[in-house]
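Below is one structure, written out as structure tokens; the observations come after it.
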Amino acid sequence: MKTVLVIDDDASFRKLVTQWLSGAGWSVLEAADGKEGIHLAIELQPNAVICSLLMPGCNGFQICRSIRERAGVIEQPKIIVTTGSVYATDRRSAIEVGADEYLVKPFKADDLIRILDFGQGRRPVAASAPRPPVTAYTSLPTDQPPRLKFWGVRGSIPTPGPGTVWYGGNTSCVEVRADGEIIILDAGSGIRPLGLALAQEFNDQPITLTLLITHTHWDHIQGFPFFIPAYSPHNKVRIFGYEGARKGLHSTLTSQMESPYFPVSMRHMPGNIAVTELSEQEFRVGQVKVTTAFVNHPGVCVGYRLFTSAGSIAYLPDNEPFQRLRSQSGGQPTADRVEALKYASEQDQRIIQFVQDADVLIIDSQYEDAEYQSHVGWGHGCVDDVVALALFARVKQLFLFHHDPDHDDTQISRMLDWARQIVALHGDTLAVDAAREGMEYVLNPAPKS
Ligand SMILES: [Zn+2]
Ligand SMILES: [Zn+2]
């Protein structure tokens with residue numbers, strides 16, 4: 001006689017199922033909690049286990065995992081998870097951890113008996129439905145001048161509220177349209193409204209776009225699970241970035257979408273998503289040449305420079321000037337310290353060269369000078385240094401970016417005024433703005449002389 005183990009903390013449910021299955025010729029074992037159930041499943045090796053998903057102490061996911069981990073040690077039973085949850089994500093998670101079937105309560109005796117009697121061993125895994133082919137890429141008009149638009153300008157964490165209405169509270173995301181390409185710089189929470197705008201603009205037309213990730217701190221990737229174009233099988237989403245300090249780029253992006261944090265895994269996003277870890281510091285997105293430079297920020301973080309047909313855009317959302325950090329570290333002017341400062345100066349020089357003559361520089365300007373003193377080593381810059389960098393590098397347009405979550409609109413405007421004063425004191429023509437959600441900037445090709 002075949003044996004089935006019913007694990008459920010609901011005594012009346014166990015009684016009902018026992019009645020059904022005894023009548024159908026099964027020998028029925030019962031367990032009132034998960035731990036006892038796992039013990040019985042391993043000791044007595046029933047042909048099937050019916051376990052409730054949500055029970056105090058030990059849930060159905062844990063039961064599935066515990067039993068499946070014993071592969072080769074015990075005869076593996078068919079496992080049916082029973083639950084009141086109709087969420088597709090719970091069904092997927094249960095199957096992923098080893099359930100063969102998932103039955104939503106209330107169900108009928110016939111449903112359960114049919115599943116128990118069907119076949120031997122585990123249910124074969126259904127092949128996933130083939131994805132529709134990506135139709136030809138609809139080229140964007142190339143006759144329009146390259147331009148950019150800010151969708152998220154905040155650092156560290158989204159900050160909605162009355163104090164941030166003018167500059168915006170979404171985290172880093174900048175859209176660049178250039179030479180037939182859509183290039184998105186970072187996937188902070190600003191990528192959510194960008195995704196909605198793209199979906200509206202393209203309607204049912206396929207979208208091909210490239211997402212460049214500077215680093216995987218959460219404020220630069222947290223919007224991706226809410227990026228609507230990644231949910232359409234007609235779209236193509238290419239993601240480029242560098243391997244992080246502990247995990248690969250792909251693994252970091254997928255782990256923020258794992259079941260405890262988000263209901264849809266990246267694997268189940270229907271958009272054609274390709275993640276490429278970069279090893280080179282120069283590559284192309286269509287006609288746009290892209291160069292990268294490692295910047296001074298905890299972990300692996302880069303800045304990007306995009307060379308469009310009408311000028312270049314440098315994007316360094318998180319950066320703490322090397323020299324300033326080392327000089328603030330204190331200590332006597334020993335030979336070692338002088339050497340350290342020399343090294344820091346060379347590193348800053350490298351960043352200046354990277355952004356030299358850029359038409360647009362978007363850069364981390366999180367702090368005022370006085371604030372920076374108590375944030376040395378946090379990985380972010382201050383306005384004074386950023387303006388100096390832009391002046392040295394002969395940049396044309398500077399955007400203060402990665403605004404501090406504690407700064408309201410008034411303070412950011414004050415920092416902008418100060419930045420413009422520094423430029424005026426130098427008698428320079430550098431244009432300065434504080435990046436603001438919804439702000440657009442069009443690059444104009446320089447007239448040929
Ligand atoms: Zn950041
Ligand atoms: Zn960061």
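In the structure tokens, chains take letters A, B, ... by order of appearance, with residues numbered from 1 within each chain and ligands from 1 in the order shown.
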
Just want the residues within 10 Å of ligand 1, written as a compact mmCIF listing (two decimals) with N, CA, C and O atoms, in the first residue's frame, counting only C-alpha atoms and all ligand atoms.
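Output (out08.txt):
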```
# COMPACT_ATOMS: atom_id res chain seq x y z
N VAL A 153 18.50 62.30 -9.68
CA VAL A 153 19.68 63.13 -9.44
C VAL A 153 20.19 63.01 -8.00
O VAL A 153 21.14 63.65 -7.62
N ARG A 154 19.54 62.19 -7.21
CA ARG A 154 19.81 62.11 -5.77
C ARG A 154 20.81 61.00 -5.49
O ARG A 154 20.84 60.01 -6.21
N GLY A 155 21.58 61.16 -4.42
CA GLY A 155 22.49 60.10 -4.01
C GLY A 155 21.90 59.30 -2.87
O GLY A 155 20.99 59.77 -2.18
N SER A 156 22.38 58.11 -2.72
CA SER A 156 22.17 57.25 -1.54
C SER A 156 20.78 56.65 -1.38
O SER A 156 20.65 55.43 -1.27
N ILE A 157 19.73 57.45 -1.35
CA ILE A 157 18.38 56.88 -1.14
C ILE A 157 17.35 57.87 -1.69
O ILE A 157 17.56 59.08 -1.63
N THR A 171 16.81 58.50 -7.22
CA THR A 171 18.26 58.24 -7.29
C THR A 171 18.72 58.09 -8.74
O THR A 171 17.92 57.93 -9.67
N SER A 172 20.04 58.11 -8.90
CA SER A 172 20.74 58.31 -10.17
C SER A 172 20.18 57.60 -11.41
O SER A 172 20.13 56.37 -11.46
N ASP A 186 23.08 54.49 -15.32
CA ASP A 186 22.64 54.02 -14.00
C ASP A 186 21.13 53.77 -13.91
O ASP A 186 20.33 54.33 -14.66
N GLY A 188 19.14 53.91 -10.91
CA GLY A 188 18.53 54.28 -9.64
C GLY A 188 17.03 54.38 -9.81
O GLY A 188 16.49 54.05 -10.89
N THR A 214 27.56 52.39 -13.34
CA THR A 214 28.86 52.84 -12.82
C THR A 214 29.37 51.92 -11.73
O THR A 214 30.56 51.65 -11.62
N HIS A 215 28.47 51.49 -10.86
CA HIS A 215 28.81 50.56 -9.78
C HIS A 215 27.50 50.05 -9.21
O HIS A 215 26.43 50.57 -9.53
N THR A 216 27.62 49.04 -8.35
CA THR A 216 26.37 48.38 -7.94
C THR A 216 25.89 48.80 -6.56
O THR A 216 25.09 48.08 -5.95
N HIS A 217 26.35 49.95 -6.06
CA HIS A 217 25.70 50.44 -4.84
C HIS A 217 24.22 50.61 -5.15
O HIS A 217 23.82 50.92 -6.28
N TRP A 218 23.42 50.39 -4.12
CA TRP A 218 21.99 50.20 -4.35
C TRP A 218 21.31 51.38 -5.04
O TRP A 218 20.38 51.20 -5.83
N ASP A 219 21.81 52.60 -4.74
CA ASP A 219 21.17 53.77 -5.35
C ASP A 219 21.40 53.85 -6.86
O ASP A 219 20.82 54.70 -7.52
N HIS A 220 22.22 52.94 -7.40
CA HIS A 220 22.48 52.95 -8.84
C HIS A 220 21.86 51.76 -9.58
O HIS A 220 21.97 51.66 -10.80
N ILE A 221 21.23 50.85 -8.81
CA ILE A 221 20.61 49.68 -9.46
C ILE A 221 19.18 49.44 -8.97
O ILE A 221 18.45 48.64 -9.54
N HIS A 297 36.02 55.75 -4.94
CA HIS A 297 34.75 55.47 -4.29
C HIS A 297 34.84 54.04 -3.76
O HIS A 297 35.49 53.22 -4.39
N CYS A 301 34.09 51.26 -8.92
CA CYS A 301 33.19 52.30 -9.45
C CYS A 301 33.89 53.02 -10.60
O CYS A 301 35.07 53.35 -10.49
N LEU A 316 30.28 61.06 -13.81
CA LEU A 316 30.99 60.50 -12.65
C LEU A 316 30.14 60.74 -11.40
O LEU A 316 30.37 61.68 -10.64
N PRO A 317 29.12 59.92 -11.22
CA PRO A 317 28.14 60.22 -10.17
C PRO A 317 28.65 60.08 -8.75
O PRO A 317 28.12 60.70 -7.84
N ASP A 318 29.66 59.24 -8.54
CA ASP A 318 30.20 59.03 -7.20
C ASP A 318 31.72 59.14 -7.28
O ASP A 318 32.36 58.31 -7.92
N ASN A 319 32.28 60.14 -6.63
CA ASN A 319 33.73 60.30 -6.67
C ASN A 319 34.17 61.23 -5.55
O ASN A 319 33.57 62.28 -5.33
N ASP A 364 29.55 63.99 -9.04
CA ASP A 364 29.25 63.94 -7.60
C ASP A 364 29.66 65.25 -6.91
O ASP A 364 30.82 65.58 -6.83
N GLN A 366 28.22 66.13 -3.69
CA GLN A 366 27.27 65.89 -2.60
C GLN A 366 27.33 66.92 -1.47
O GLN A 366 26.31 67.27 -0.90
N GLY A 379 33.45 58.77 0.29
CA GLY A 379 33.39 58.44 -1.14
C GLY A 379 32.72 59.48 -2.01
O GLY A 379 32.42 59.21 -3.17
N HIS A 380 32.49 60.67 -1.46
CA HIS A 380 31.80 61.71 -2.24
C HIS A 380 32.56 63.03 -2.23
O HIS A 380 33.39 63.27 -1.35
N PHE A 401 25.66 66.95 -9.20
CA PHE A 401 24.84 65.72 -9.25
C PHE A 401 25.01 64.93 -7.95
O PHE A 401 25.90 65.19 -7.16
N HIS A 402 24.15 63.92 -7.79
CA HIS A 402 24.19 63.03 -6.63
C HIS A 402 23.97 63.85 -5.37
O HIS A 402 24.73 63.80 -4.40
N HIS A 403 22.87 64.61 -5.37
CA HIS A 403 22.56 65.49 -4.25
C HIS A 403 22.37 64.68 -2.96
O HIS A 403 21.79 63.59 -2.98
N ASP A 404 22.82 65.26 -1.88
CA ASP A 404 22.73 64.57 -0.60
C ASP A 404 21.26 64.39 -0.20
O ASP A 404 20.46 65.31 -0.35
```

Fill in: range 36-45 of chain A surroundings by only C-alpha atoms, 10 Å radius, close-in-sequence under 4 positions cut, as a PyMOL selection string
chain A and resi 3-8+29-32+49-51+58+62-67+70+73-77

Discussion item. Give me the residues near Asp433 in chain A as a count of residues only, where near means some atom within 12 Å (using only C-alpha atoms) and where sequence neighbours in that chain fewer than 6 positions away do not count.
Written reply: 27

Practice prompt. Can you check which residues of range 214-244 of chain A DSSP gives as helix (DSSP H, G or I) on the backbone and send them as a list of chain:residue names?
Written response: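 Residues meeting the helix (DSSP H, G or I) criterion: A:Trp218, A:Asp219, A:His220, A:Phe224, A:Pro225, A:Phe226, A:Ile228, A:Pro229, A:Ala230, A:Tyr231.
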
Written file, previous selection with N, CA, C and O atoms, as an mmCIF file, in the first residue's frame:
```
data_model
loop_
_atom_site.group_PDB
_atom_site.id
_atom_site.type_symbol
_atom_site.label_atom_id
_atom_site.label_comp_id
_atom_site.auth_asym_id
_atom_site.auth_seq_id
_atom_site.Cartn_x
_atom_site.Cartn_y
_atom_site.Cartn_z
ATOM 1 N N TRP A 218 23.417 50.391 -4.116
ATOM 2 C CA TRP A 218 21.990 50.197 -4.351
ATOM 3 C C TRP A 218 21.311 51.380 -5.043
ATOM 4 O O TRP A 218 20.384 51.203 -5.826
ATOM 5 N N ASP A 219 21.814 52.602 -4.745
ATOM 6 C CA ASP A 219 21.169 53.771 -5.349
ATOM 7 C C ASP A 219 21.403 53.845 -6.861
ATOM 8 O O ASP A 219 20.822 54.703 -7.523
ATOM 9 N N HIS A 220 22.217 52.937 -7.401
ATOM 10 C CA HIS A 220 22.484 52.949 -8.844
ATOM 11 C C HIS A 220 21.858 51.762 -9.577
ATOM 12 O O HIS A 220 21.971 51.657 -10.796
ATOM 13 N N PHE A 224 15.956 49.105 -11.277
ATOM 14 C CA PHE A 224 15.854 48.174 -12.404
ATOM 15 C C PHE A 224 14.658 47.210 -12.318
ATOM 16 O O PHE A 224 14.000 46.963 -13.329
ATOM 17 N N PRO A 225 14.347 46.666 -11.127
ATOM 18 C CA PRO A 225 13.186 45.751 -11.071
ATOM 19 C C PRO A 225 11.884 46.431 -11.499
ATOM 20 O O PRO A 225 10.918 45.750 -11.829
ATOM 21 N N PHE A 226 11.849 47.759 -11.512
ATOM 22 C CA PHE A 226 10.628 48.490 -11.864
ATOM 23 C C PHE A 226 10.711 49.122 -13.259
ATOM 24 O O PHE A 226 9.930 49.993 -13.591
ATOM 25 N N ILE A 228 9.919 49.088 -16.772
ATOM 26 C CA ILE A 228 8.886 48.428 -17.576
ATOM 27 C C ILE A 228 9.423 47.832 -18.893
ATOM 28 O O ILE A 228 9.045 46.720 -19.259
ATOM 29 N N PRO A 229 10.307 48.531 -19.639
ATOM 30 C CA PRO A 229 10.763 47.935 -20.904
ATOM 31 C C PRO A 229 11.436 46.563 -20.739
ATOM 32 O O PRO A 229 11.473 45.777 -21.685
ATOM 33 N N ALA A 230 11.932 46.256 -19.543
ATOM 34 C CA ALA A 230 12.569 44.946 -19.334
ATOM 35 C C ALA A 230 11.539 43.836 -19.204
ATOM 36 O O ALA A 230 11.892 42.661 -19.111
ATOM 37 N N TYR A 231 10.264 44.197 -19.214
ATOM 38 C CA TYR A 231 9.208 43.190 -19.087
ATOM 39 C C TYR A 231 8.548 42.860 -20.428
ATOM 40 O O TYR A 231 7.589 42.109 -20.458
#
```

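Distances here use only C-alpha atoms; by that measure, the residue among A:Asn444, A:Ser85, A:Gln19, A:Thr252 closest to Pro146 in chain A is A:Asn444.
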
Item to complete: Looking only at strand (DSSP E or B) from DSSP on the backbone, list the matching residues of range 293-327 of chain A as a list in words.
Response: Ala293, Phe294, Val302, Gly303, Tyr304, Arg305, Leu306, Phe307, Thr308, Gly311, Ser312, Ile313, Ala314, Tyr315 and Leu316 of chain A

Keeping N, CA and C atoms, export the residues of the selection given above as a PDB file, in the first residue's frame.
```pdb
ATOM      1  N   ALA A 293      36.793  55.337 -16.669  1.00  0.00           N
ATOM      2  CA  ALA A 293      37.923  55.540 -15.749  1.00  0.00           C
ATOM      3  C   ALA A 293      37.482  55.111 -14.360  1.00  0.00           C
ATOM      4  N   PHE A 294      38.351  54.426 -13.662  1.00  0.00           N
ATOM      5  CA  PHE A 294      38.041  54.076 -12.272  1.00  0.00           C
ATOM      6  C   PHE A 294      38.165  55.327 -11.417  1.00  0.00           C
ATOM      7  N   VAL A 302      33.156  53.238 -11.673  1.00  0.00           N
ATOM      8  CA  VAL A 302      33.747  53.937 -12.816  1.00  0.00           C
ATOM      9  C   VAL A 302      32.958  55.191 -13.149  1.00  0.00           C
ATOM     10  N   GLY A 303      33.605  56.038 -13.955  1.00  0.00           N
ATOM     11  CA  GLY A 303      32.917  57.120 -14.620  1.00  0.00           C
ATOM     12  C   GLY A 303      32.890  56.764 -16.100  1.00  0.00           C
ATOM     13  N   TYR A 304      31.872  57.245 -16.813  1.00  0.00           N
ATOM     14  CA  TYR A 304      31.776  56.998 -18.256  1.00  0.00           C
ATOM     15  C   TYR A 304      31.922  58.320 -19.004  1.00  0.00           C
ATOM     16  N   ARG A 305      32.506  58.244 -20.186  1.00  0.00           N
ATOM     17  CA  ARG A 305      32.491  59.408 -21.070  1.00  0.00           C
ATOM     18  C   ARG A 305      31.973  58.954 -22.437  1.00  0.00           C
ATOM     19  N   LEU A 306      30.935  59.607 -22.889  1.00  0.00           N
ATOM     20  CA  LEU A 306      30.301  59.245 -24.156  1.00  0.00           C
ATOM     21  C   LEU A 306      30.684  60.285 -25.200  1.00  0.00           C
ATOM     22  N   PHE A 307      31.250  59.823 -26.295  1.00  0.00           N
ATOM     23  CA  PHE A 307      31.644  60.736 -27.374  1.00  0.00           C
ATOM     24  C   PHE A 307      30.582  60.668 -28.469  1.00  0.00           C
ATOM     25  N   THR A 308      29.734  61.673 -28.506  1.00  0.00           N
ATOM     26  CA  THR A 308      28.670  61.698 -29.506  1.00  0.00           C
ATOM     27  C   THR A 308      29.129  62.550 -30.694  1.00  0.00           C
ATOM     28  N   GLY A 311      29.671  66.272 -29.502  1.00  0.00           N
ATOM     29  CA  GLY A 311      30.377  66.570 -28.261  1.00  0.00           C
ATOM     30  C   GLY A 311      30.277  65.431 -27.271  1.00  0.00           C
ATOM     31  N   SER A 312      30.939  65.599 -26.146  1.00  0.00           N
ATOM     32  CA  SER A 312      31.031  64.475 -25.212  1.00  0.00           C
ATOM     33  C   SER A 312      30.400  64.794 -23.866  1.00  0.00           C
ATOM     34  N   ILE A 313      29.948  63.711 -23.216  1.00  0.00           N
ATOM     35  CA  ILE A 313      29.302  63.807 -21.907  1.00  0.00           C
ATOM     36  C   ILE A 313      30.107  62.940 -20.948  1.00  0.00           C
ATOM     37  N   ALA A 314      30.583  63.524 -19.855  1.00  0.00           N
ATOM     38  CA  ALA A 314      31.289  62.742 -18.833  1.00  0.00           C
ATOM     39  C   ALA A 314      30.369  62.597 -17.631  1.00  0.00           C
ATOM     40  N   TYR A 315      30.267  61.373 -17.136  1.00  0.00           N
ATOM     41  CA  TYR A 315      29.341  61.061 -16.041  1.00  0.00           C
ATOM     42  C   TYR A 315      30.105  60.363 -14.921  1.00  0.00           C
ATOM     43  N   LEU A 316      30.276  61.056 -13.810  1.00  0.00           N
ATOM     44  CA  LEU A 316      30.994  60.496 -12.646  1.00  0.00           C
ATOM     45  C   LEU A 316      30.139  60.737 -11.402  1.00  0.00           C
TER      46      LEU A 316
END
```

Worksheet item: Near Lys105 in chain A, counting only C-alpha atoms, which residues have an atom at most 7 Å away, once you skip same-chain residues fewer than 5 positions from it, shown as JSON, numbers by chain?
Response: {"A": [82, 83, 84]}

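Closest to Lys108 in chain A among A:Ala340, A:Leu53, A:Val176, A:Val17 is A:Val17, based on only C-alpha atoms.
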
Practice prompt. May I have the residues within 8 Å of range 254-268 of chain A as a PyMOL selection string, using only C-alpha atoms and disregarding those fewer than 2 positions away in the same chain?
Written response: chain A and resi 89+93+222+225+250-252+270

Worksheet entry | Proximity to Gly190 in chain A - best of A:Gly438, A:Ala358, A:Leu430, A:Leu54, only C-alpha atoms |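 Between A:Gly438, A:Ala358, A:Leu430, A:Leu54, the residue approaching Gly190 in chain A most closely is A:Gly438.
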
Practice prompt. Have a look at CA of Val295 in chain A and CA of Asp385 in chain A and let me know their distance in Å, one decimal.
Written response: 14.6 Å

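CA of Ala434 in chain A is found 24.8 Å from CA of Gln144 in chain A.
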
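By chain and then residue number, the residues within 10 Å of Phe392 in chain A are Gln349, Ile352, Gln353, Val355, Gln356, Asp357 and Val386 of chain A, counting only C-alpha atoms and disregarding those fewer than 6 positions away in sequence.
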
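CA of Val28 in chain A to CA of Ile115 in chain A spans 15.8 Å [interatomic distance, one decimal].
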
Worksheet item: Quick one: of A:Asn235, A:Gln411, A:Ser27, A:Ser189, who's nearest to Asp204 in chain A, counting only C-alpha atoms?
Response: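 Residue with the minimum atom-to-atom distance to Asp204 in chain A: A:Asn235.
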